[in-house]
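Asks: Okay, here's the structure, questions in a sec.
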Amino acid sequence: MNPLRLWWRGLIFAVLLCLTGRLIVLASDEPTLTKEQIKHFLLTAKVVNSKEAKKGITHTLRLTLSAGTVTHDASFQSIDEHKATMQLSAGTELNFVDSYRYNIAAYGLAELLGLDDMLPVYVERKWQGKEGSLSWWLPVKMDEAERHKQKLTAPDPDAWNNQMYKIRVLDQLVSDSDPNLTNVLIGEDWKIWRIDFTRAFRLNKDPKDPNDLVRCDRQLFEKLKALDANALTEKTKQYLSKDEVKAVMQRRDKIVAQFQKMISEKGEKEVLY
Ligand SMILES: Nc1ncnc2c1ncn2[C@@H]1O[C@H](COP(=O)(O)OP(=O)(O)OP(=O)(O)O)[C@@H](O)[C@H]1O
Ligand SMILES: [Mg+2]
């Protein structure tokens, strides 16, 4: 074979090897740890780097943590703001709170409802003298704001909607006063995650947007009905006040009643899936 062709073949082979090697590294970039291992890692791993997050207004930090063979990023949020009145675009909010504590409370509530695979694991950790929440950095392709901007739609609309209906139930339950498309993240295979609950857990007794409650996952519906105030108090004891827990339970009652009404009107198959 002529030497030039041989040289080309060698080059193509080398490029292919590099590409497949890179793919293998990329595939193994996301460590497969259990939830408990992730919690332990977030609580104990050494912080080896920090930088400002690209999005958001509260200047969260993207930390890199390392322990043993695992190195992974995490989002550190230390906001804990309490104000008697706060002027927002939607109006004045009394007893305004913006707190990292609600991230941890939301994760605890999601665990009770079997929705914790839709949130990153959140723990409380002190870093550089500040208490904050630390969440496992997710393998994100884009967020909802970006999807809207690019006018993209998921290839499997049913699978997408089934995830979104669950997010909507969670949103009404936690009563987030900062619904924001950069807080809905999209990963591989159009998997949806919900992050950032620092302005959630308001004291309203009723869901703010009952029309967002369209359908409900069957397992979620059962877990919603079974949600117990004592279990929620126990799970969120350092993060939610008595009144905040009470308000979650009041909204839960309303959400369940609304779905039950819809079931009696339209039939179970139209509402539950
Ligand atoms: N666990 C995570 N995995 C991947 N990306 C994350 C994670 N946590 C935060 N981010 C990214 O960092 C951004 C800012 O984080 P976060 O939403 O918690 O803070 P924020 O400043 O309060 O934002 P907001 O403007 O919504 O108030 C998010 O919009 C998202 O792009
Ligand atoms: Mg945010």
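Residues are referred to by chain and number: the chain letter is A, B, ... according to the order shown in the structure tokens, the number counts from 1 in that chain, and ligands are numbered separately from 1 in the order shown.
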Counting only C-alpha atoms, what is within 9 Å of range 158-175 of chain A, bar same-chain residues fewer than 4 positions away, as a compact mmCIF listing (two decimals) with N, CA and C atoms, in the first residue's frame?

Replies:
```txt
# COMPACT_ATOMS: atom_id res chain seq x y z
N ALA A 106 -37.58 20.80 50.74
CA ALA A 106 -38.25 20.30 49.53
C ALA A 106 -37.75 18.90 49.20
N LEU A 109 -39.42 16.48 51.58
CA LEU A 109 -40.82 16.26 51.18
C LEU A 109 -40.88 15.36 49.93
N ALA A 110 -40.00 15.62 48.98
CA ALA A 110 -39.96 14.80 47.76
C ALA A 110 -39.66 13.34 48.10
N LEU A 115 -40.82 11.38 45.02
CA LEU A 115 -40.45 12.25 43.89
C LEU A 115 -38.98 12.65 43.93
N MET A 118 -36.64 13.31 41.05
CA MET A 118 -36.82 14.49 40.18
C MET A 118 -36.08 15.71 40.72
N ALA A 154 -40.08 17.68 23.23
CA ALA A 154 -39.57 16.35 23.53
C ALA A 154 -40.08 15.37 22.48
N PRO A 179 -41.71 30.96 40.52
CA PRO A 179 -41.70 29.95 39.46
C PRO A 179 -40.88 30.49 38.30
N TRP A 190 -34.46 13.55 27.84
CA TRP A 190 -35.52 14.49 28.22
C TRP A 190 -36.03 14.25 29.64
N LYS A 191 -35.09 13.82 30.48
CA LYS A 191 -35.46 13.67 31.90
C LYS A 191 -35.55 15.07 32.52
N ILE A 192 -36.60 15.28 33.32
CA ILE A 192 -36.82 16.60 33.92
C ILE A 192 -36.43 16.60 35.40
N TRP A 193 -35.73 17.67 35.79
CA TRP A 193 -35.45 17.89 37.21
C TRP A 193 -35.99 19.24 37.64
N ARG A 194 -36.34 19.34 38.91
CA ARG A 194 -36.78 20.60 39.50
C ARG A 194 -35.77 20.97 40.59
N PHE A 197 -35.70 25.86 45.55
CA PHE A 197 -36.97 26.07 46.26
C PHE A 197 -36.84 27.16 47.33
N ARG A 199 -37.61 30.14 47.56
CA ARG A 199 -38.76 31.02 47.83
C ARG A 199 -40.06 30.22 47.91
N ALA A 200 -39.95 28.99 48.36
CA ALA A 200 -41.15 28.14 48.47
C ALA A 200 -41.66 28.13 49.91
N PHE A 201 -42.59 27.24 50.17
CA PHE A 201 -43.18 27.03 51.50
C PHE A 201 -43.83 28.29 52.04
N ARG A 202 -44.63 28.94 51.18
CA ARG A 202 -45.45 30.07 51.62
C ARG A 202 -46.61 29.53 52.44
N LEU A 203 -47.31 30.47 53.13
CA LEU A 203 -48.30 30.02 54.11
C LEU A 203 -49.73 29.94 53.56
N ASN A 204 -49.89 30.10 52.25
CA ASN A 204 -51.24 30.02 51.67
C ASN A 204 -51.84 28.62 51.86
N ASP A 206 -54.44 27.44 50.14
CA ASP A 206 -54.92 26.89 48.87
C ASP A 206 -53.81 26.89 47.84
N PRO A 207 -53.84 25.91 46.91
CA PRO A 207 -52.87 25.96 45.81
C PRO A 207 -53.02 27.27 45.04
N LYS A 208 -51.91 27.90 44.68
CA LYS A 208 -51.98 29.20 44.00
C LYS A 208 -52.52 29.09 42.59
N ASP A 209 -52.17 28.00 41.92
CA ASP A 209 -52.62 27.80 40.53
C ASP A 209 -53.30 26.44 40.39
N PRO A 210 -54.53 26.34 40.89
CA PRO A 210 -55.21 25.02 40.84
C PRO A 210 -55.38 24.50 39.42
N ASP A 212 -53.25 24.36 37.21
CA ASP A 212 -52.05 23.61 36.82
C ASP A 212 -52.17 22.12 37.14
N LEU A 213 -53.16 21.80 37.98
CA LEU A 213 -53.34 20.39 38.36
C LEU A 213 -54.22 19.72 37.31
N VAL A 214 -53.59 19.04 36.39
CA VAL A 214 -54.32 18.47 35.25
C VAL A 214 -54.51 16.97 35.42
N ARG A 215 -53.38 16.27 35.67
CA ARG A 215 -53.45 14.82 35.87
C ARG A 215 -52.48 14.46 37.00
N CYS A 216 -52.59 13.22 37.49
CA CYS A 216 -51.70 12.82 38.59
C CYS A 216 -51.24 11.38 38.44
N ASP A 217 -49.98 11.16 38.63
CA ASP A 217 -49.41 9.82 38.67
C ASP A 217 -50.07 9.04 39.82
N LEU A 220 -48.02 8.71 43.00
CA LEU A 220 -47.92 10.01 43.67
C LEU A 220 -49.23 10.32 44.39
N ALA A 247 -49.33 24.54 56.52
CA ALA A 247 -49.77 25.04 55.21
C ALA A 247 -49.58 23.97 54.11
N VAL A 248 -48.49 23.21 54.18
CA VAL A 248 -48.29 22.11 53.21
C VAL A 248 -49.44 21.13 53.32
N MET A 249 -49.80 20.78 54.57
CA MET A 249 -50.86 19.79 54.77
C MET A 249 -52.22 20.33 54.30
N ARG A 251 -52.65 22.54 51.86
CA ARG A 251 -52.65 22.50 50.38
C ARG A 251 -52.79 21.08 49.89
N ARG A 252 -52.15 20.14 50.60
CA ARG A 252 -52.29 18.73 50.24
C ARG A 252 -53.77 18.33 50.22
N ILE A 255 -55.42 19.76 47.17
CA ILE A 255 -54.97 19.11 45.93
C ILE A 255 -55.65 17.75 45.77
N TYR A 273 -52.82 8.30 35.99
CA TYR A 273 -52.06 7.51 35.02
C TYR A 273 -50.96 6.75 35.72
```

Asks: List every residue of range 35-83 of chain A that DSSP, applied to the backbone, labels as helix (DSSP H, G or I), and write the result as a ChimeraX atom specification.

Replies: /A:35-44

Asks: Near range 79-82 of chain A, within 8 Å and counting only C-alpha atoms, which residues show up once chain neighbours fewer than 4 positions away are dropped, as a PyMOL selection string?

Replies: chain A and resi 58+95-101+132+198

Asks: Put those residues in a file: all heavy atoms, as a compact mmCIF listing (two decimals), in the first residue's frame.

Replies:
```txt
# COMPACT_ATOMS: atom_id res chain seq x y z
N THR A 58 -28.91 34.87 42.71
CA THR A 58 -28.44 34.93 44.09
C THR A 58 -26.97 34.54 44.24
O THR A 58 -26.50 34.32 45.34
CB THR A 58 -29.31 34.03 45.01
OG1 THR A 58 -29.22 32.69 44.53
CG2 THR A 58 -30.77 34.48 45.02
N ASN A 95 -43.70 39.22 55.22
CA ASN A 95 -42.92 38.14 55.83
C ASN A 95 -42.17 37.31 54.78
O ASN A 95 -42.24 36.09 54.77
CB ASN A 95 -43.83 37.23 56.67
CG ASN A 95 -44.49 38.00 57.79
OD1 ASN A 95 -43.84 38.84 58.43
ND2 ASN A 95 -45.77 37.79 57.98
N PHE A 96 -41.46 38.02 53.93
CA PHE A 96 -40.74 37.39 52.83
C PHE A 96 -39.55 36.58 53.36
O PHE A 96 -38.81 37.02 54.21
CB PHE A 96 -40.25 38.49 51.89
CG PHE A 96 -39.30 38.02 50.83
CD1 PHE A 96 -39.79 37.45 49.66
CD2 PHE A 96 -37.93 38.16 50.99
CE1 PHE A 96 -38.91 37.03 48.67
CE2 PHE A 96 -37.04 37.73 50.01
CZ PHE A 96 -37.54 37.17 48.85
N VAL A 97 -39.41 35.37 52.82
CA VAL A 97 -38.24 34.54 53.15
C VAL A 97 -37.64 34.00 51.85
O VAL A 97 -38.37 33.56 50.96
CB VAL A 97 -38.62 33.33 54.05
CG1 VAL A 97 -37.36 32.61 54.52
CG2 VAL A 97 -39.45 33.75 55.25
N ASP A 98 -36.34 34.06 51.77
CA ASP A 98 -35.60 33.44 50.66
C ASP A 98 -34.50 32.65 51.35
O ASP A 98 -33.55 33.25 51.87
CB ASP A 98 -35.02 34.55 49.76
CG ASP A 98 -34.57 34.04 48.40
OD1 ASP A 98 -34.61 32.81 48.19
OD2 ASP A 98 -34.16 34.86 47.56
N SER A 99 -34.64 31.33 51.42
CA SER A 99 -33.71 30.58 52.27
C SER A 99 -33.29 29.25 51.67
O SER A 99 -34.12 28.48 51.18
CB SER A 99 -34.34 30.33 53.64
OG SER A 99 -33.51 29.50 54.40
N TYR A 100 -31.99 28.97 51.82
CA TYR A 100 -31.45 27.67 51.38
C TYR A 100 -32.13 26.51 52.13
O TYR A 100 -32.16 25.38 51.64
CB TYR A 100 -29.93 27.62 51.62
CG TYR A 100 -29.55 27.44 53.08
CD1 TYR A 100 -29.47 26.17 53.64
CD2 TYR A 100 -29.32 28.53 53.91
CE1 TYR A 100 -29.15 25.99 54.98
CE2 TYR A 100 -29.00 28.36 55.25
CZ TYR A 100 -28.91 27.09 55.78
OH TYR A 100 -28.61 26.91 57.11
N ARG A 101 -32.65 26.81 53.32
CA ARG A 101 -33.28 25.76 54.14
C ARG A 101 -34.42 25.07 53.41
O ARG A 101 -34.68 23.89 53.59
CB ARG A 101 -33.85 26.35 55.43
CG ARG A 101 -32.80 26.83 56.36
CD ARG A 101 -33.37 27.73 57.44
NE ARG A 101 -32.29 28.20 58.26
CZ ARG A 101 -31.78 27.49 59.26
NH1 ARG A 101 -32.29 26.34 59.58
NH2 ARG A 101 -30.76 27.96 59.94
N GLY A 132 -25.28 26.44 54.28
CA GLY A 132 -26.00 26.50 53.01
C GLY A 132 -26.50 25.14 52.60
O GLY A 132 -26.30 24.14 53.30
N THR A 198 -35.85 28.07 47.15
CA THR A 198 -35.55 29.02 48.23
C THR A 198 -36.69 29.99 48.52
O THR A 198 -36.71 30.60 49.58
CB THR A 198 -34.25 29.82 47.94
OG1 THR A 198 -34.44 30.62 46.78
CG2 THR A 198 -33.05 28.90 47.77
```

Asks: Looking at A:Thr44, A:Ser75, A:Gln87, A:Thr32, which one is nearest to ligand 1, with distances taken over only C-alpha atoms and all ligand atoms?

Replies: A:Ser75

Asks: Compute the set of protein, DNA and RNA residues whose minimum atom distance to ligand 1 is at most 7 Å, using only C-alpha atoms and all ligand atoms, and state it as a list in words.

Replies: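 For ligand 1, the residues inside 7 Å are Ala53, Lys54, Lys55, Gly56, Ile57, Thr58, His59, Thr60, Ala74, Ser75, Gln77, Pro120, Ser135, Trp136, Trp137, Leu138, Pro139, Val140, Asn180, Thr182, Asn183, Ile195, Asp196 and Thr198 of chain A.
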
Asks: Taking into account only C-alpha atoms, which residue in the set A:Gln128, A:Gln37, A:Thr64, A:Thr92 is nearest to Ser78 in chain A?

Replies: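 Counting only C-alpha atoms, the residue closest to Ser78 in chain A is A:Gln128.
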
Asks: Among range 33-191 of chain A, which ones does DSSP assign to strand (DSSP E or B) (computed from the backbone)? Answer as a compact mmCIF listing (two decimals) with N, CA and C atoms, in the first residue's frame.

Replies:
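What follows is the written file selection.txt:
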```
# COMPACT_ATOMS: atom_id res chain seq x y z
N LYS A 46 -13.99 16.74 50.11
CA LYS A 46 -13.20 17.98 50.19
C LYS A 46 -13.55 18.90 49.03
N VAL A 47 -13.71 20.18 49.32
CA VAL A 47 -13.98 21.15 48.25
C VAL A 47 -12.63 21.51 47.60
N VAL A 48 -12.49 21.20 46.30
CA VAL A 48 -11.20 21.45 45.65
C VAL A 48 -11.25 22.63 44.67
N ASN A 49 -12.46 23.12 44.38
CA ASN A 49 -12.56 24.27 43.47
C ASN A 49 -13.90 24.96 43.68
N SER A 50 -13.96 26.26 43.35
CA SER A 50 -15.26 26.94 43.40
C SER A 50 -15.32 28.03 42.34
N LYS A 51 -16.49 28.20 41.75
CA LYS A 51 -16.70 29.31 40.81
C LYS A 51 -18.17 29.74 40.86
N GLU A 52 -18.46 30.94 40.34
CA GLU A 52 -19.85 31.42 40.32
C GLU A 52 -20.68 30.63 39.32
N LEU A 61 -22.78 29.19 44.17
CA LEU A 61 -21.43 28.77 43.75
C LEU A 61 -21.47 27.35 43.23
N ARG A 62 -20.69 27.11 42.21
CA ARG A 62 -20.52 25.75 41.72
C ARG A 62 -19.20 25.24 42.29
N LEU A 63 -19.32 24.31 43.23
CA LEU A 63 -18.12 23.78 43.89
C LEU A 63 -17.73 22.46 43.25
N THR A 64 -16.45 22.15 43.27
CA THR A 64 -16.01 20.81 42.88
C THR A 64 -15.55 20.11 44.15
N LEU A 65 -16.10 18.91 44.36
CA LEU A 65 -15.78 18.14 45.56
C LEU A 65 -15.04 16.88 45.16
N SER A 66 -14.19 16.41 46.04
CA SER A 66 -13.43 15.21 45.73
C SER A 66 -13.26 14.35 46.98
N ALA A 67 -13.48 13.05 46.81
CA ALA A 67 -13.24 12.10 47.90
C ALA A 67 -12.93 10.75 47.27
N VAL A 70 -13.95 9.54 43.62
CA VAL A 70 -15.05 10.34 43.05
C VAL A 70 -14.75 11.84 43.14
N THR A 71 -14.89 12.50 41.98
CA THR A 71 -14.82 13.95 41.93
C THR A 71 -16.09 14.41 41.24
N HIS A 72 -16.82 15.35 41.85
CA HIS A 72 -18.10 15.76 41.26
C HIS A 72 -18.41 17.18 41.72
N ASP A 73 -19.20 17.89 40.91
CA ASP A 73 -19.57 19.25 41.26
C ASP A 73 -20.84 19.29 42.10
N ALA A 74 -21.05 20.41 42.77
CA ALA A 74 -22.25 20.60 43.58
C ALA A 74 -22.58 22.09 43.61
N SER A 75 -23.86 22.39 43.79
CA SER A 75 -24.28 23.78 43.83
C SER A 75 -24.46 24.20 45.29
N PHE A 76 -23.76 25.26 45.69
CA PHE A 76 -23.83 25.75 47.07
C PHE A 76 -24.68 27.01 47.12
N GLN A 77 -25.75 26.96 47.91
CA GLN A 77 -26.67 28.09 48.03
C GLN A 77 -26.74 28.47 49.51
N ASP A 80 -30.20 33.27 53.07
CA ASP A 80 -31.11 33.08 54.21
C ASP A 80 -31.62 34.45 54.61
N GLU A 81 -32.52 34.96 53.78
CA GLU A 81 -32.97 36.34 53.91
C GLU A 81 -34.39 36.37 54.47
N HIS A 82 -34.62 37.21 55.45
CA HIS A 82 -35.96 37.36 56.06
C HIS A 82 -36.29 38.84 56.10
N LYS A 83 -37.42 39.22 55.49
CA LYS A 83 -37.80 40.63 55.48
C LYS A 83 -39.28 40.79 55.79
N ALA A 84 -39.62 41.85 56.52
CA ALA A 84 -41.02 42.09 56.87
C ALA A 84 -41.85 42.36 55.61
N THR A 85 -41.30 43.12 54.68
CA THR A 85 -41.99 43.34 53.40
C THR A 85 -40.96 43.27 52.27
N MET A 86 -41.41 42.79 51.15
CA MET A 86 -40.52 42.70 49.99
C MET A 86 -41.31 43.10 48.75
N GLN A 87 -40.75 44.06 47.99
CA GLN A 87 -41.41 44.50 46.76
C GLN A 87 -40.97 43.60 45.61
N LEU A 88 -41.93 42.86 45.05
CA LEU A 88 -41.61 41.97 43.93
C LEU A 88 -42.43 42.40 42.72
N GLY A 91 -46.00 42.04 43.18
CA GLY A 91 -46.63 42.81 44.26
C GLY A 91 -45.78 42.74 45.52
N THR A 92 -46.36 43.22 46.61
CA THR A 92 -45.60 43.22 47.87
C THR A 92 -45.83 41.90 48.59
N GLU A 93 -44.76 41.30 49.06
CA GLU A 93 -44.92 40.07 49.84
C GLU A 93 -44.58 40.38 51.29
N LEU A 94 -45.48 40.00 52.21
CA LEU A 94 -45.23 40.20 53.64
C LEU A 94 -44.50 38.98 54.19
N ASN A 95 -43.70 39.22 55.22
CA ASN A 95 -42.92 38.14 55.83
C ASN A 95 -42.17 37.31 54.78
N PHE A 96 -41.46 38.02 53.93
CA PHE A 96 -40.74 37.39 52.83
C PHE A 96 -39.55 36.58 53.36
N VAL A 97 -39.41 35.37 52.82
CA VAL A 97 -38.24 34.54 53.15
C VAL A 97 -37.64 34.00 51.85
N ASP A 98 -36.34 34.06 51.77
CA ASP A 98 -35.60 33.44 50.66
C ASP A 98 -34.50 32.65 51.35
N SER A 99 -34.64 31.33 51.42
CA SER A 99 -33.71 30.58 52.27
C SER A 99 -33.29 29.25 51.67
N TYR A 122 -30.14 17.12 48.05
CA TYR A 122 -29.76 18.34 48.77
C TYR A 122 -29.39 17.99 50.20
N VAL A 123 -28.28 18.52 50.69
CA VAL A 123 -27.92 18.37 52.11
C VAL A 123 -27.55 19.75 52.65
N GLU A 124 -27.43 19.85 53.96
CA GLU A 124 -26.97 21.11 54.56
C GLU A 124 -25.48 20.98 54.84
N ARG A 125 -24.72 22.00 54.46
CA ARG A 125 -23.28 21.95 54.72
C ARG A 125 -22.73 23.35 54.94
N LYS A 126 -21.75 23.43 55.82
CA LYS A 126 -21.10 24.71 56.09
C LYS A 126 -19.86 24.80 55.22
N TRP A 127 -19.71 25.95 54.56
CA TRP A 127 -18.50 26.13 53.74
C TRP A 127 -18.05 27.58 53.83
N LYS A 130 -20.09 29.73 56.11
CA LYS A 130 -21.52 29.95 55.85
C LYS A 130 -22.27 28.62 55.77
N GLU A 131 -23.43 28.59 56.42
CA GLU A 131 -24.31 27.42 56.26
C GLU A 131 -25.02 27.55 54.92
N GLY A 132 -25.28 26.44 54.28
CA GLY A 132 -26.00 26.50 53.01
C GLY A 132 -26.50 25.14 52.60
N SER A 133 -27.17 25.11 51.46
CA SER A 133 -27.56 23.81 50.91
C SER A 133 -26.55 23.46 49.83
N LEU A 134 -26.30 22.17 49.71
CA LEU A 134 -25.37 21.70 48.70
C LEU A 134 -26.11 20.63 47.90
N SER A 135 -26.16 20.80 46.59
CA SER A 135 -26.86 19.81 45.77
C SER A 135 -25.94 19.20 44.73
N TRP A 136 -26.15 17.94 44.50
CA TRP A 136 -25.39 17.15 43.52
C TRP A 136 -25.59 17.77 42.14
N VAL A 140 -26.97 18.11 32.98
CA VAL A 140 -28.03 18.88 32.33
C VAL A 140 -27.66 19.26 30.90
N LYS A 141 -28.63 19.13 29.99
CA LYS A 141 -28.40 19.55 28.60
C LYS A 141 -28.87 20.98 28.38
N MET A 142 -29.99 21.31 29.01
CA MET A 142 -30.53 22.68 28.89
C MET A 142 -31.59 22.85 29.99
N ASP A 143 -32.07 24.08 30.13
CA ASP A 143 -33.18 24.26 31.06
C ASP A 143 -34.45 24.63 30.26
N VAL A 184 -36.17 24.57 36.11
CA VAL A 184 -36.58 23.26 35.56
C VAL A 184 -35.49 22.86 34.57
N LEU A 185 -34.78 21.79 34.91
CA LEU A 185 -33.62 21.39 34.12
C LEU A 185 -33.92 20.12 33.33
N ILE A 186 -33.30 20.01 32.17
CA ILE A 186 -33.56 18.86 31.29
C ILE A 186 -32.26 18.12 31.04
N GLY A 187 -32.31 16.81 31.28
CA GLY A 187 -31.10 16.00 31.10
C GLY A 187 -31.21 15.05 29.93
```

Asks: Please, what distance in Å, to one decimal, runs between CA of Leu272 in chain A and CA of Lys235 in chain A?

Replies: 27.4 Å

Asks: Between A:Asn103, A:Thr236, A:Gln219, A:Thr153, which is the closest to ligand 2 once you count only C-alpha atoms and all ligand atoms?

Replies: A:Asn103

Asks: Which of these, A:Asp176, A:Tyr239, A:Gln260, A:Glu36, has the shortest distance to ligand 2 once you count only C-alpha atoms and all ligand atoms?

Replies: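 Using only C-alpha atoms and all ligand atoms, the shortest distance to ligand 2 belongs to A:Asp176.
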
Asks: To one decimal in Å, tell me the separation between CA of Glu111 in chain A and CA of Leu227 in chain A.

Replies: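 A separation of 11.0 Å between them.
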